[in-house]
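**Q** Can you keep this structure in mind? I'll have questions shortly.
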Amino acid sequence: MSSDALALKVEFTGGLELLFDNKKKYTVSLPRTTDDAPTNLTHLILWLKDNLLKERPELFVEERTVRPGILVLVNETDWELEGEGDYQLKDGDEIIFISTLHGG
Amino acid sequence: MPPKPCALCHTERAIIKRPKTGQQICKDCFFRVFETEVHNTIVDSKLFKPGDRVAIGASGGKDSTVLAYVMKTLNDRYDYGLELFLLSIDEGITGYRDDSLETVKRNQVQYGLPLKILSYDELYGWTMDAVVAQVGRKNNCTFCGVFRRQALDRGAAALGVDHIVTGHNADDIAETVLMNIMRGDIARLGRCTLICTQSEDTIKRSKPFKYAYEKEIVMYAYFKKLDYFSTECIYAPDAYRGHARAFLKSLEAARPSAIIDIIHSGEAFEVAEQVQQGMKAQQTCKRCGYISSNDLCKACTLLEGLERGLGSLAVKDSKKLESDSTTAPDASMRTIPFFQRTPGAAAAVEEPTPA
Ligand SMILES: [Zn+2]
Ligand SMILES: [Zn+2]
């Protein structure tokens, strides 16, 4: 079934949830294309910053990507194996953001 | 993108790109290489011998939680013959340490390791909440750092352990190297890359995760579903360290080997002998018996400042406070119990004596 939207599961953990209303799991709906291109992870990150982030955006985003020290998993795989921000999102994808910057 | 096969076993799908090597490997191979590298660090540095009693400094955070799990796994797998303990310090920070201690208590059950909790309140008569109420949020990290170091040693002495292992990882050590260079702190620069430190009369401390990247520690915790606590301390994090960390993470993003490279350059610094001679000789604190480079140790100096209601002064002007104070405190002042260390002998602290 093709619809106009992508349903995505998004999770924030490792302390990152504190920037997102202290809530870990969200279901997010994004259009299949953004700026005339297939919607990718960079689009998602910017969308999250504009729509879900509650405070201190500099702790999440730096120059159109996540701040260094935040790990991203796409369907349980390191996003570095999936093209990072260029990864084209698919309906049902699970994206997890983990902060490594909080207390040891 | 098609799934990539694991560079090690060539059968499973790769799930992580290793920052150290760029290798793309599967989950099981990742667990195996991560654990094996820590084992190699332990063996190459001859950190332990059979029969050693070892306390794992446990905060409930990611690094120490993974360390506890990996230490237990390796001790069983390779027959190190170690007796392992969890040692936690309760700084007395409501809404932060009380929650993370709950995590440590769950770890105690999950890993089957005995746990000792020592609080600032019982040792110093001051919780960090009370310290902050007096000194404010500017110098509180100084108090906490000095108090924690001594509390860990005293907790370890109470457990009768020979050795404390902490969860400091490669990123932490590289960050400390950078900070010591920026501050020009030559004495610390020489010491901060050592995997194991021991001055006479203090308990041996080491860092089995010295070469483990933070990314891999967090990924390991994630894929193993380990139970850890992650919140920033509510009393302002160390801003200077924060800058060093952000800088290091940017370096790592540009070139992942930067972290190990910085550790290696820290190791390669040689501290000239005249500098070493300029460093103060160690003695013991005249009041509490803890190792110190002055008549009074840092903790006693800070504590005296708090007791006199001059906490902030104690940080800025500890030299003055020290020379003002006699070695005998006023009777009304709280002091730290005298530190005595008889290895092995204090072992029974946690266990009830048989009738
Ligand atoms: Zn494999
Ligand atoms: Zn003392």
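Going by the structure tokens order, chains are called A, B, ..., each with residues numbered from 1, while ligands are numbered from 1 in the order shown.
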Pull out every residue of chain A that has at least one atom within 12 Å of chain B, counting only C-alpha atoms, and report them as a PyMOL selection string.
**A** chain A and resi 12-19+22+58-59+62-63+65-84+86-90+96-104
**Q** Just C-alpha atoms for this one: save the residues we selected as a PDB file, in the first residue's frame.
**A**
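Result written to again.pdb:
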ATOM      1  CA  PHE A  12      15.683   8.855  22.026  1.00  0.00           C
ATOM      2  CA  THR A  13      17.880   7.344  24.701  1.00  0.00           C
ATOM      3  CA  GLY A  14      21.098   7.697  26.685  1.00  0.00           C
ATOM      4  CA  GLY A  15      19.832  10.968  28.176  1.00  0.00           C
ATOM      5  CA  LEU A  16      18.745  12.496  24.852  1.00  0.00           C
ATOM      6  CA  GLU A  17      15.105  11.973  25.819  1.00  0.00           C
ATOM      7  CA  LEU A  18      15.547  14.868  28.264  1.00  0.00           C
ATOM      8  CA  LEU A  19      15.577  17.235  25.281  1.00  0.00           C
ATOM      9  CA  ASN A  22      11.490  13.361  28.688  1.00  0.00           C
ATOM     10  CA  GLU A  58      22.637  22.801  20.049  1.00  0.00           C
ATOM     11  CA  LEU A  59      22.769  19.594  22.110  1.00  0.00           C
ATOM     12  CA  GLU A  62      25.088  20.745  14.564  1.00  0.00           C
ATOM     13  CA  GLU A  63      25.220  21.899  10.931  1.00  0.00           C
ATOM     14  CA  THR A  65      23.405  16.608  11.254  1.00  0.00           C
ATOM     15  CA  VAL A  66      23.380  15.259  14.794  1.00  0.00           C
ATOM     16  CA  ARG A  67      25.910  16.675  17.178  1.00  0.00           C
ATOM     17  CA  PRO A  68      29.116  14.595  17.327  1.00  0.00           C
ATOM     18  CA  GLY A  69      28.751  12.029  20.105  1.00  0.00           C
ATOM     19  CA  ILE A  70      25.178  11.052  19.247  1.00  0.00           C
ATOM     20  CA  LEU A  71      24.883   7.562  17.770  1.00  0.00           C
ATOM     21  CA  VAL A  72      22.181   6.760  15.258  1.00  0.00           C
ATOM     22  CA  LEU A  73      20.784   3.309  14.524  1.00  0.00           C
ATOM     23  CA  VAL A  74      18.612   2.531  11.508  1.00  0.00           C
ATOM     24  CA  ASN A  75      16.656  -0.668  12.054  1.00  0.00           C
ATOM     25  CA  GLU A  76      19.256  -1.812  14.628  1.00  0.00           C
ATOM     26  CA  THR A  77      22.200  -0.994  12.373  1.00  0.00           C
ATOM     27  CA  ASP A  78      24.834   1.735  12.794  1.00  0.00           C
ATOM     28  CA  TRP A  79      23.824   4.527  10.409  1.00  0.00           C
ATOM     29  CA  GLU A  80      27.472   4.758   9.295  1.00  0.00           C
ATOM     30  CA  LEU A  81      26.775   1.553   7.344  1.00  0.00           C
ATOM     31  CA  GLU A  82      23.633   3.017   5.797  1.00  0.00           C
ATOM     32  CA  GLY A  83      24.876   6.244   4.286  1.00  0.00           C
ATOM     33  CA  GLU A  84      24.234   8.386   7.393  1.00  0.00           C
ATOM     34  CA  ASP A  86      21.661  10.342   2.928  1.00  0.00           C
ATOM     35  CA  TYR A  87      19.822   7.185   3.937  1.00  0.00           C
ATOM     36  CA  GLN A  88      16.406   7.205   2.235  1.00  0.00           C
ATOM     37  CA  LEU A  89      13.710   6.501   4.758  1.00  0.00           C
ATOM     38  CA  LYS A  90      11.242   3.675   4.199  1.00  0.00           C
ATOM     39  CA  ILE A  96      17.182   5.321  17.404  1.00  0.00           C
ATOM     40  CA  PHE A  97      19.254   8.231  18.654  1.00  0.00           C
ATOM     41  CA  ILE A  98      21.598   7.461  21.561  1.00  0.00           C
ATOM     42  CA  SER A  99      23.605  10.083  23.388  1.00  0.00           C
ATOM     43  CA  THR A 100      27.076   8.983  24.476  1.00  0.00           C
ATOM     44  CA  LEU A 101      27.642  12.279  26.219  1.00  0.00           C
ATOM     45  CA  HIS A 102      25.863  11.632  29.476  1.00  0.00           C
ATOM     46  CA  GLY A 103      27.660  10.498  32.612  1.00  0.00           C
ATOM     47  CA  GLY A 104      29.760   7.385  32.843  1.00  0.00           C
TER      48      GLY A 104
END
**Q** Would you list, as number ranges by chain, the residues of region 113-297 of chain B that end up in strand (DSSP E or B) under DSSP run on this structure's backbone?
**A** B: 115-119, 163-165, 196-197, 204-206, 283-284, 291-292
**Q** Fewer than 3 positions away in the same chain doesn't count, so skip those; otherwise give me all residues within 7 Å of region 27-31 of chain A, counting only C-alpha atoms, as a ChimeraX atom specification.
**A** /A:4-10,34
**Q** Taking only C-alpha atoms and all ligand atoms into account, which residues have an atom no farther than 6 Å from ligand 2? I'd like them as number ranges by chain.
**A** B: 285, 287-290, 296-297, 299-300
**Q** Can I get the residues of chain B within 8 Å of ligand 1, each with the closest pair of atoms and their distance in Å to one decimal, using only C-alpha atoms and all ligand atoms, sorted chain first then ascending number, as JSON lines?
**A**
{"residue": "B:Pro5", "atom": "CA", "partner": "ligand 1", "partner_atom_place_in_ligand_line": "1 (Zn)", "distance": 7.7}
{"residue": "B:Cys6", "atom": "CA", "partner": "ligand 1", "partner_atom_place_in_ligand_line": "1 (Zn)", "distance": 4.6}
{"residue": "B:Ala7", "atom": "CA", "partner": "ligand 1", "partner_atom_place_in_ligand_line": "1 (Zn)", "distance": 6.6}
{"residue": "B:Leu8", "atom": "CA", "partner": "ligand 1", "partner_atom_place_in_ligand_line": "1 (Zn)", "distance": 5.0}
{"residue": "B:Cys9", "atom": "CA", "partner": "ligand 1", "partner_atom_place_in_ligand_line": "1 (Zn)", "distance": 4.0}
{"residue": "B:His10", "atom": "CA", "partner": "ligand 1", "partner_atom_place_in_ligand_line": "1 (Zn)", "distance": 6.2}
{"residue": "B:Thr11", "atom": "CA", "partner": "ligand 1", "partner_atom_place_in_ligand_line": "1 (Zn)", "distance": 6.5}
{"residue": "B:Glu12", "atom": "CA", "partner": "ligand 1", "partner_atom_place_in_ligand_line": "1 (Zn)", "distance": 5.4}
{"residue": "B:Arg13", "atom": "CA", "partner": "ligand 1", "partner_atom_place_in_ligand_line": "1 (Zn)", "distance": 7.2}
{"residue": "B:Ala14", "atom": "CA", "partner": "ligand 1", "partner_atom_place_in_ligand_line": "1 (Zn)", "distance": 6.9}
{"residue": "B:Ile25", "atom": "CA", "partner": "ligand 1", "partner_atom_place_in_ligand_line": "1 (Zn)", "distance": 5.3}
{"residue": "B:Cys26", "atom": "CA", "partner": "ligand 1", "partner_atom_place_in_ligand_line": "1 (Zn)", "distance": 4.2}
{"residue": "B:Lys27", "atom": "CA", "partner": "ligand 1", "partner_atom_place_in_ligand_line": "1 (Zn)", "distance": 6.7}
{"residue": "B:Asp28", "atom": "CA", "partner": "ligand 1", "partner_atom_place_in_ligand_line": "1 (Zn)", "distance": 6.0}
{"residue": "B:Cys29", "atom": "CA", "partner": "ligand 1", "partner_atom_place_in_ligand_line": "1 (Zn)", "distance": 4.3}
{"residue": "B:Phe30", "atom": "CA", "partner": "ligand 1", "partner_atom_place_in_ligand_line": "1 (Zn)", "distance": 7.2}
**Q** Please produce an output containing N, CA and C atoms for each residue in the selection, written as an mmCIF file, in the first residue's frame.
**A**
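That gives us result_21.cif:
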data_model
loop_
_atom_site.group_PDB
_atom_site.id
_atom_site.type_symbol
_atom_site.label_atom_id
_atom_site.label_comp_id
_atom_site.auth_asym_id
_atom_site.auth_seq_id
_atom_site.Cartn_x
_atom_site.Cartn_y
_atom_site.Cartn_z
ATOM 1 N N PRO B 5 28.034 -7.803 4.415
ATOM 2 C CA PRO B 5 28.434 -8.928 5.243
ATOM 3 C C PRO B 5 29.519 -8.521 6.237
ATOM 4 N N CYS B 6 29.581 -9.231 7.358
ATOM 5 C CA CYS B 6 30.572 -8.992 8.402
ATOM 6 C C CYS B 6 31.981 -9.241 7.864
ATOM 7 N N ALA B 7 32.898 -8.321 8.175
ATOM 8 C CA ALA B 7 34.273 -8.435 7.683
ATOM 9 C C ALA B 7 35.028 -9.563 8.385
ATOM 10 N N LEU B 8 34.488 -10.081 9.492
ATOM 11 C CA LEU B 8 35.214 -11.121 10.221
ATOM 12 C C LEU B 8 34.684 -12.520 9.898
ATOM 13 N N CYS B 9 33.359 -12.716 10.037
ATOM 14 C CA CYS B 9 32.840 -14.068 9.820
ATOM 15 C C CYS B 9 32.303 -14.254 8.398
ATOM 16 N N HIS B 10 32.129 -13.171 7.668
ATOM 17 C CA HIS B 10 31.653 -13.197 6.276
ATOM 18 C C HIS B 10 30.287 -13.850 6.091
ATOM 19 N N THR B 11 29.566 -14.111 7.171
ATOM 20 C CA THR B 11 28.242 -14.710 6.985
ATOM 21 C C THR B 11 27.131 -13.791 7.464
ATOM 22 N N GLU B 12 27.268 -13.281 8.701
ATOM 23 C CA GLU B 12 26.194 -12.446 9.247
ATOM 24 C C GLU B 12 26.251 -11.038 8.652
ATOM 25 N N ARG B 13 25.148 -10.326 8.861
ATOM 26 C CA ARG B 13 25.053 -8.954 8.376
ATOM 27 C C ARG B 13 25.779 -7.995 9.335
ATOM 28 N N ALA B 14 26.580 -7.084 8.811
ATOM 29 C CA ALA B 14 27.284 -6.114 9.658
ATOM 30 C C ALA B 14 26.287 -5.153 10.289
ATOM 31 N N ILE B 25 31.300 -5.011 11.129
ATOM 32 C CA ILE B 25 31.151 -6.365 11.678
ATOM 33 C C ILE B 25 29.760 -6.621 12.243
ATOM 34 N N CYS B 26 29.461 -7.908 12.430
ATOM 35 C CA CYS B 26 28.141 -8.309 12.910
ATOM 36 C C CYS B 26 28.086 -8.250 14.437
ATOM 37 N N LYS B 27 26.911 -8.461 14.973
ATOM 38 C CA LYS B 27 26.708 -8.314 16.408
ATOM 39 C C LYS B 27 27.571 -9.277 17.219
ATOM 40 N N ASP B 28 27.559 -10.554 16.860
ATOM 41 C CA ASP B 28 28.320 -11.527 17.660
ATOM 42 C C ASP B 28 29.824 -11.281 17.569
ATOM 43 N N CYS B 29 30.287 -10.957 16.370
ATOM 44 C CA CYS B 29 31.715 -10.664 16.222
ATOM 45 C C CYS B 29 32.077 -9.406 17.007
ATOM 46 N N PHE B 30 31.166 -8.418 17.028
ATOM 47 C CA PHE B 30 31.409 -7.196 17.796
ATOM 48 C C PHE B 30 31.570 -7.522 19.285
#
**Q** Name all residues at most 7 Å from Ala244 (chain B) (count only C-alpha atoms; drop same-chain ones fewer than 5 positions away) and give them as JSON, numbers by chain.
**A** {"B": [175, 178, 179]}
**Q** Compare B:Val135, B:Ala174, B:Leu226, B:Val146 by their minimum atom-to-atom distance to Tyr111 (chain B), counting only C-alpha atoms, and give me the closest one.
**A** B:Leu226
**Q** So that I can see what lies close to Thr41 (chain B), please list as a ChimeraX atom specification the residues with an atom at most 12 Å from it, counting only C-alpha atoms and leaving out residues fewer than 5 positions away in the same chain.
**A** /B:34-36,46-48,74,195-196,206-212
**Q** Which value, in Å to one decimal, gives the distance between CA of Lys225 (chain B) and CA of Ser119 (chain B)?
**A** 28.7 Å
